[in-house]
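Below: the structure, in structure tokens.
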Amino acid sequence: MPYIGDITFRIASASALEHTVKMRQTHDVDLFASTKASWVTSCFGRPDQVPHALKCLWIGAAIAASPTDLTLALNRSQDLKPMLNMARDGTMPLLLLQGDSDHLILAEKVIPEIKAMWKDVEVVIFKGIGHAPFYEDTEGVMKSISAFVKRLPARGFGAKL
């Protein structure tokens with residue numbers, strides 16, 4: 001999602017919300033660390049195909065974000081009005097890249113939410129891919145971004161890029 005807010009509770013899986021609660025608690029270090037590890041694993045559609053060393057790197061990066069950091073990130077105030085106005089009138093196109101095996105953000109919930117708000121939205125669903133399509137299908141993501149960007153000048157967005 002291009003923003004944080006009430007929509008998070010409508011599009012996130014129960015597992016994602018549970019992970020978030022556990023990662024924001026400050027009294028149990030073991031729970032904090034094990035939840036970060038579980039969250040990283042849940043980012044992949046096929047976690048058994050992700051090298052252990054990479055998972056360890058991601059877990060280390062995730063642990064570096066404290067409960068306070070996560071709370072601030074999830075509760076930051078945002079003035080959504082300008083962005084949503086541009087979304088509705090078509091002056092801000094959106095490319096939504098979504099894995100159909102995403103265990104955190106549910107495609108069947110996020111796609112209707114986005115399509116209801118965005119006049120100009122392109123949705124690309126990656127089969128067998130989780131929350132990290134940029135890792136699990138780097139080539140597919142790059143092709144999708146390239147095709148999306150190439151169509152923008154034809155739609156009058158070239159001067160703004």
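How things are named: the first chain in the structure tokens is A, the next is B, and so on; residues count from 1 in each chain; ligands count from 1 in the order shown.
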Residues of range 35-89 of chain A that have any atom at most 10 Å from an atom of range 127-132 of chain A: could you tabulate them with the shortest-distance atom pair and the distance in Å to one decimal, using only C-alpha atoms, ordered by chain and increasing number, as a tab-separated table?
residue	atom	partner	partner_atom	distance
A:Val40	CA	A:His131	CA	9.6
A:Thr41	CA	A:Gly130	CA	9.9
A:Ser42	CA	A:His131	CA	7.7
A:Cys43	CA	A:His131	CA	4.6
A:Phe44	CA	A:Gly130	CA	4.5
A:Gly45	CA	A:Gly130	CA	3.9
A:Arg46	CA	A:Ile129	CA	7.2
A:Pro47	CA	A:Gly130	CA	9.0
Requested in this report: Step one, run DSSP on the backbone; step two, keep only residues of chain A assigned to helix (DSSP H, G or I); then write them as a ChimeraX atom specification.
Outcome: /A:7-11,14-24,29-42,47-49,52-64,67-75,81-89,107-117,133-136,138-151,153-155,158-160
Report task. List every residue of chain A that DSSP, applied to the backbone of this structure, places in strand (DSSP E), and write the result as number ranges by chain. Result -> A: 94-99, 121-126
Which residues of range 42-138 of chain A come within 12 Å of range 27-37 of chain A, and for each one, what is the closest pair of atoms and their distance in Å to one decimal, counting only C-alpha atoms, sorted by chain and residue number, as JSON lines?
{"residue": "A:Ser42", "atom": "CA", "partner": "A:Ala37", "partner_atom": "CA", "distance": 8.7}
{"residue": "A:Cys43", "atom": "CA", "partner": "A:Ala37", "partner_atom": "CA", "distance": 10.2}
{"residue": "A:Pro47", "atom": "CA", "partner": "A:Ala37", "partner_atom": "CA", "distance": 11.7}
{"residue": "A:His52", "atom": "CA", "partner": "A:Ala37", "partner_atom": "CA", "distance": 11.4}
{"residue": "A:Leu54", "atom": "CA", "partner": "A:Ala37", "partner_atom": "CA", "distance": 11.8}
{"residue": "A:Lys55", "atom": "CA", "partner": "A:Ala37", "partner_atom": "CA", "distance": 8.1}
{"residue": "A:Cys56", "atom": "CA", "partner": "A:Ala37", "partner_atom": "CA", "distance": 8.2}
{"residue": "A:Leu57", "atom": "CA", "partner": "A:Ala37", "partner_atom": "CA", "distance": 10.4}
{"residue": "A:Trp58", "atom": "CA", "partner": "A:Ala37", "partner_atom": "CA", "distance": 8.5}
{"residue": "A:Ile59", "atom": "CA", "partner": "A:Ala37", "partner_atom": "CA", "distance": 5.5}
{"residue": "A:Gly60", "atom": "CA", "partner": "A:Lys36", "partner_atom": "CA", "distance": 8.8}
{"residue": "A:Ala61", "atom": "CA", "partner": "A:Lys36", "partner_atom": "CA", "distance": 9.5}
{"residue": "A:Ala62", "atom": "CA", "partner": "A:Lys36", "partner_atom": "CA", "distance": 6.3}
{"residue": "A:Ile63", "atom": "CA", "partner": "A:Lys36", "partner_atom": "CA", "distance": 6.4}
{"residue": "A:Ala64", "atom": "CA", "partner": "A:Lys36", "partner_atom": "CA", "distance": 10.0}
{"residue": "A:Ala65", "atom": "CA", "partner": "A:Lys36", "partner_atom": "CA", "distance": 9.7}
{"residue": "A:Ser66", "atom": "CA", "partner": "A:Phe32", "partner_atom": "CA", "distance": 9.2}
{"residue": "A:Pro67", "atom": "CA", "partner": "A:Phe32", "partner_atom": "CA", "distance": 8.5}
{"residue": "A:Leu70", "atom": "CA", "partner": "A:Lys36", "partner_atom": "CA", "distance": 11.6}
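The shell of residues at most 10 Å from His19 in chain A, with only C-alpha atoms counted and near chain neighbours (fewer than 2 positions) removed, consists of Ser13, Ala14, Ser15, Ala16, Leu17, Val21, Lys22, Met23, Arg24, Phe32, Ser34, Thr35, Lys36, Ser38, Trp39, Ser42 and Leu104 of chain A.
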Hey, can you spit out that residue selection with N, CA, C and O atoms as a PDB file, in the first residue's frame?
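As a result, result16.pdb now contains:
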ATOM      1  N   SER A  13      -3.450  -9.947   6.734  1.00  0.00           N
ATOM      2  CA  SER A  13      -3.907 -11.240   7.247  1.00  0.00           C
ATOM      3  C   SER A  13      -3.907 -11.213   8.773  1.00  0.00           C
ATOM      4  O   SER A  13      -3.248 -10.371   9.393  1.00  0.00           O
ATOM      5  N   ALA A  14      -4.620 -12.145   9.356  1.00  0.00           N
ATOM      6  CA  ALA A  14      -4.622 -12.274  10.819  1.00  0.00           C
ATOM      7  C   ALA A  14      -3.197 -12.532  11.305  1.00  0.00           C
ATOM      8  O   ALA A  14      -2.778 -12.005  12.344  1.00  0.00           O
ATOM      9  N   SER A  15      -2.450 -13.308  10.550  1.00  0.00           N
ATOM     10  CA  SER A  15      -1.058 -13.601  10.906  1.00  0.00           C
ATOM     11  C   SER A  15      -0.204 -12.336  10.920  1.00  0.00           C
ATOM     12  O   SER A  15       0.603 -12.129  11.825  1.00  0.00           O
ATOM     13  N   ALA A  16      -0.381 -11.475   9.916  1.00  0.00           N
ATOM     14  CA  ALA A  16       0.387 -10.219   9.860  1.00  0.00           C
ATOM     15  C   ALA A  16       0.059  -9.343  11.053  1.00  0.00           C
ATOM     16  O   ALA A  16       0.964  -8.755  11.674  1.00  0.00           O
ATOM     17  N   LEU A  17      -1.206  -9.247  11.393  1.00  0.00           N
ATOM     18  CA  LEU A  17      -1.606  -8.424  12.535  1.00  0.00           C
ATOM     19  C   LEU A  17      -1.065  -9.003  13.842  1.00  0.00           C
ATOM     20  O   LEU A  17      -0.607  -8.264  14.713  1.00  0.00           O
ATOM     21  N   VAL A  21       1.617  -7.181  16.508  1.00  0.00           N
ATOM     22  CA  VAL A  21       1.408  -7.025  17.954  1.00  0.00           C
ATOM     23  C   VAL A  21       2.619  -7.575  18.714  1.00  0.00           C
ATOM     24  O   VAL A  21       3.145  -6.915  19.618  1.00  0.00           O
ATOM     25  N   LYS A  22       3.071  -8.752  18.342  1.00  0.00           N
ATOM     26  CA  LYS A  22       4.203  -9.379  19.039  1.00  0.00           C
ATOM     27  C   LYS A  22       5.501  -8.612  18.826  1.00  0.00           C
ATOM     28  O   LYS A  22       6.339  -8.541  19.728  1.00  0.00           O
ATOM     29  N   MET A  23       5.683  -8.028  17.639  1.00  0.00           N
ATOM     30  CA  MET A  23       6.928  -7.287  17.371  1.00  0.00           C
ATOM     31  C   MET A  23       6.937  -5.928  18.061  1.00  0.00           C
ATOM     32  O   MET A  23       7.983  -5.308  18.186  1.00  0.00           O
ATOM     33  N   ARG A  24       5.758  -5.471  18.509  1.00  0.00           N
ATOM     34  CA  ARG A  24       5.678  -4.166  19.169  1.00  0.00           C
ATOM     35  C   ARG A  24       5.761  -4.271  20.688  1.00  0.00           C
ATOM     36  O   ARG A  24       5.887  -3.257  21.368  1.00  0.00           O
ATOM     37  N   PHE A  32      10.022 -11.336  20.879  1.00  0.00           N
ATOM     38  CA  PHE A  32      10.342 -10.313  19.882  1.00  0.00           C
ATOM     39  C   PHE A  32      11.204 -10.913  18.773  1.00  0.00           C
ATOM     40  O   PHE A  32      10.885 -10.807  17.582  1.00  0.00           O
ATOM     41  N   SER A  34      11.886 -14.176  18.025  1.00  0.00           N
ATOM     42  CA  SER A  34      11.283 -15.302  17.296  1.00  0.00           C
ATOM     43  C   SER A  34      10.179 -14.819  16.361  1.00  0.00           C
ATOM     44  O   SER A  34       9.982 -15.385  15.273  1.00  0.00           O
ATOM     45  N   THR A  35       9.471 -13.766  16.755  1.00  0.00           N
ATOM     46  CA  THR A  35       8.436 -13.218  15.882  1.00  0.00           C
ATOM     47  C   THR A  35       9.047 -12.569  14.651  1.00  0.00           C
ATOM     48  O   THR A  35       8.515 -12.692  13.544  1.00  0.00           O
ATOM     49  N   LYS A  36      10.169 -11.880  14.837  1.00  0.00           N
ATOM     50  CA  LYS A  36      10.848 -11.285  13.676  1.00  0.00           C
ATOM     51  C   LYS A  36      11.267 -12.391  12.701  1.00  0.00           C
ATOM     52  O   LYS A  36      11.099 -12.254  11.480  1.00  0.00           O
ATOM     53  N   SER A  38       9.919 -15.396  12.365  1.00  0.00           N
ATOM     54  CA  SER A  38       8.703 -15.940  11.761  1.00  0.00           C
ATOM     55  C   SER A  38       8.158 -14.992  10.697  1.00  0.00           C
ATOM     56  O   SER A  38       7.706 -15.435   9.627  1.00  0.00           O
ATOM     57  N   TRP A  39       8.204 -13.692  10.969  1.00  0.00           N
ATOM     58  CA  TRP A  39       7.724 -12.702  10.012  1.00  0.00           C
ATOM     59  C   TRP A  39       8.546 -12.766   8.724  1.00  0.00           C
ATOM     60  O   TRP A  39       7.994 -12.751   7.626  1.00  0.00           O
ATOM     61  N   SER A  42       7.562 -15.655   6.699  1.00  0.00           N
ATOM     62  CA  SER A  42       6.231 -15.482   6.098  1.00  0.00           C
ATOM     63  C   SER A  42       6.240 -14.533   4.898  1.00  0.00           C
ATOM     64  O   SER A  42       5.249 -14.440   4.185  1.00  0.00           O
ATOM     65  N   LEU A 104       0.924 -12.020   4.198  1.00  0.00           N
ATOM     66  CA  LEU A 104       0.805 -10.816   5.029  1.00  0.00           C
ATOM     67  C   LEU A 104      -0.269  -9.867   4.517  1.00  0.00           C
ATOM     68  O   LEU A 104      -1.133  -9.420   5.266  1.00  0.00           O
TER      69      LEU A 104
END
**Report entry** Contact residues around Lys119 in chain A with only C-alpha atoms at 12 Å, ignoring same-chain residues under 5 positions, as number ranges by chain
**Finding:** A: 84-95, 113-114
Let me see the file: selected residues, all heavy atoms, as a compact mmCIF listing (two decimals), in the first residue's frame.
# COMPACT_ATOMS: atom_id res chain seq x y z
N LEU A 84 -4.86 10.94 -2.32
CA LEU A 84 -6.11 10.30 -2.71
C LEU A 84 -6.86 11.10 -3.76
O LEU A 84 -7.52 10.52 -4.63
CB LEU A 84 -6.97 10.04 -1.47
CG LEU A 84 -6.39 8.99 -0.51
CD1 LEU A 84 -7.26 8.83 0.71
CD2 LEU A 84 -6.17 7.66 -1.21
N ASN A 85 -6.76 12.43 -3.72
CA ASN A 85 -7.36 13.25 -4.78
C ASN A 85 -6.71 12.93 -6.13
O ASN A 85 -7.40 12.78 -7.14
CB ASN A 85 -7.24 14.74 -4.47
CG ASN A 85 -8.18 15.18 -3.38
OD1 ASN A 85 -9.19 14.52 -3.09
ND2 ASN A 85 -7.86 16.30 -2.74
N MET A 86 -5.38 12.83 -6.13
CA MET A 86 -4.67 12.50 -7.37
C MET A 86 -4.97 11.07 -7.82
O MET A 86 -5.04 10.79 -9.02
CB MET A 86 -3.17 12.71 -7.17
CG MET A 86 -2.79 14.18 -7.01
SD MET A 86 -1.08 14.46 -6.50
CE MET A 86 -0.15 13.62 -7.74
N ALA A 87 -5.15 10.18 -6.87
CA ALA A 87 -5.50 8.80 -7.20
C ALA A 87 -6.87 8.75 -7.88
O ALA A 87 -7.04 8.08 -8.90
CB ALA A 87 -5.51 7.95 -5.93
N ARG A 88 -7.81 9.48 -7.33
CA ARG A 88 -9.18 9.47 -7.86
C ARG A 88 -9.30 10.15 -9.22
O ARG A 88 -10.07 9.73 -10.07
CB ARG A 88 -10.13 10.15 -6.87
CG ARG A 88 -10.41 9.30 -5.66
CD ARG A 88 -11.45 9.97 -4.75
NE ARG A 88 -11.45 9.30 -3.47
CZ ARG A 88 -10.87 9.78 -2.37
NH1 ARG A 88 -10.27 10.95 -2.38
NH2 ARG A 88 -10.91 9.10 -1.25
N ASP A 89 -8.51 11.23 -9.42
CA ASP A 89 -8.66 11.94 -10.70
C ASP A 89 -7.71 11.42 -11.79
O ASP A 89 -7.71 11.90 -12.91
CB ASP A 89 -8.52 13.46 -10.52
CG ASP A 89 -7.10 13.93 -10.20
OD1 ASP A 89 -6.13 13.16 -10.37
OD2 ASP A 89 -6.97 15.10 -9.79
N GLY A 90 -6.90 10.43 -11.45
CA GLY A 90 -6.05 9.79 -12.44
C GLY A 90 -4.71 10.45 -12.68
O GLY A 90 -3.97 10.04 -13.56
N THR A 91 -4.38 11.48 -11.90
CA THR A 91 -3.09 12.15 -12.11
C THR A 91 -1.95 11.44 -11.38
O THR A 91 -0.80 11.81 -11.56
CB THR A 91 -3.14 13.63 -11.66
OG1 THR A 91 -3.52 13.70 -10.29
CG2 THR A 91 -4.10 14.42 -12.53
N MET A 92 -2.27 10.43 -10.58
CA MET A 92 -1.24 9.62 -9.94
C MET A 92 -1.51 8.16 -10.25
O MET A 92 -2.30 7.50 -9.59
CB MET A 92 -1.22 9.81 -8.42
CG MET A 92 -0.17 8.93 -7.75
SD MET A 92 -0.26 8.98 -5.94
CE MET A 92 0.60 10.50 -5.64
N PRO A 93 -0.86 7.64 -11.27
CA PRO A 93 -1.04 6.22 -11.60
C PRO A 93 -0.37 5.35 -10.54
O PRO A 93 0.55 5.80 -9.84
CB PRO A 93 -0.36 6.07 -12.95
CG PRO A 93 0.62 7.18 -13.02
CD PRO A 93 0.05 8.29 -12.19
N LEU A 94 -0.84 4.13 -10.41
CA LEU A 94 -0.29 3.21 -9.41
C LEU A 94 -0.07 1.85 -10.05
O LEU A 94 -0.92 1.34 -10.78
CB LEU A 94 -1.26 3.07 -8.23
CG LEU A 94 -0.83 2.10 -7.14
CD1 LEU A 94 0.37 2.64 -6.37
CD2 LEU A 94 -1.99 1.83 -6.19
N LEU A 95 1.08 1.27 -9.74
CA LEU A 95 1.39 -0.10 -10.12
C LEU A 95 1.37 -0.92 -8.83
O LEU A 95 2.16 -0.66 -7.93
CB LEU A 95 2.76 -0.19 -10.79
CG LEU A 95 3.28 -1.59 -11.09
CD1 LEU A 95 2.37 -2.32 -12.07
CD2 LEU A 95 4.71 -1.52 -11.62
N GLU A 113 -9.78 -2.82 -2.75
CA GLU A 113 -9.56 -1.55 -2.03
C GLU A 113 -8.87 -0.54 -2.95
O GLU A 113 -9.27 0.61 -3.04
CB GLU A 113 -8.70 -1.77 -0.78
CG GLU A 113 -9.39 -2.48 0.34
CD GLU A 113 -10.17 -1.58 1.26
OE1 GLU A 113 -10.07 -0.33 1.15
OE2 GLU A 113 -10.89 -2.12 2.12
N ILE A 114 -7.81 -0.99 -3.61
CA ILE A 114 -7.05 -0.11 -4.48
C ILE A 114 -7.87 0.31 -5.70
O ILE A 114 -7.90 1.48 -6.07
CB ILE A 114 -5.74 -0.80 -4.93
CG1 ILE A 114 -4.76 -0.84 -3.77
CG2 ILE A 114 -5.11 -0.11 -6.12
CD1 ILE A 114 -4.29 0.51 -3.29
Query raised in the report: Nearest to Arg76 in chain A among A:Thr20, A:Tyr3, A:Lys109, A:Pro153, with distances taken over only C-alpha atoms: which residue is it?
Result: A:Tyr3
Query raised in the report: Which residues, written as a list in words, have at least one atom at most 8 Å from Ile4 in chain A, with only C-alpha atoms counted and residues fewer than 4 positions away on the same chain left out?
Result: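 Close residues of Ile4 in chain A: Thr8, Leu74, Asn75, Arg76 and Gln78 of chain A.
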**Report entry** One-decimal distance in Å that lies between CA of Tyr135 in chain A and CA of Val123 in chain A
**Finding:**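 One can read the CA of Val123 in chain A to CA of Tyr135 in chain A distance as 18.1 Å.
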Query raised in the report: Using only C-alpha atoms, which residues sit within 9 Å of Ile7 in chain A once same-chain residues fewer than 5 positions away are excluded, as number ranges by chain?
Result: A: 1, 12, 110, 113
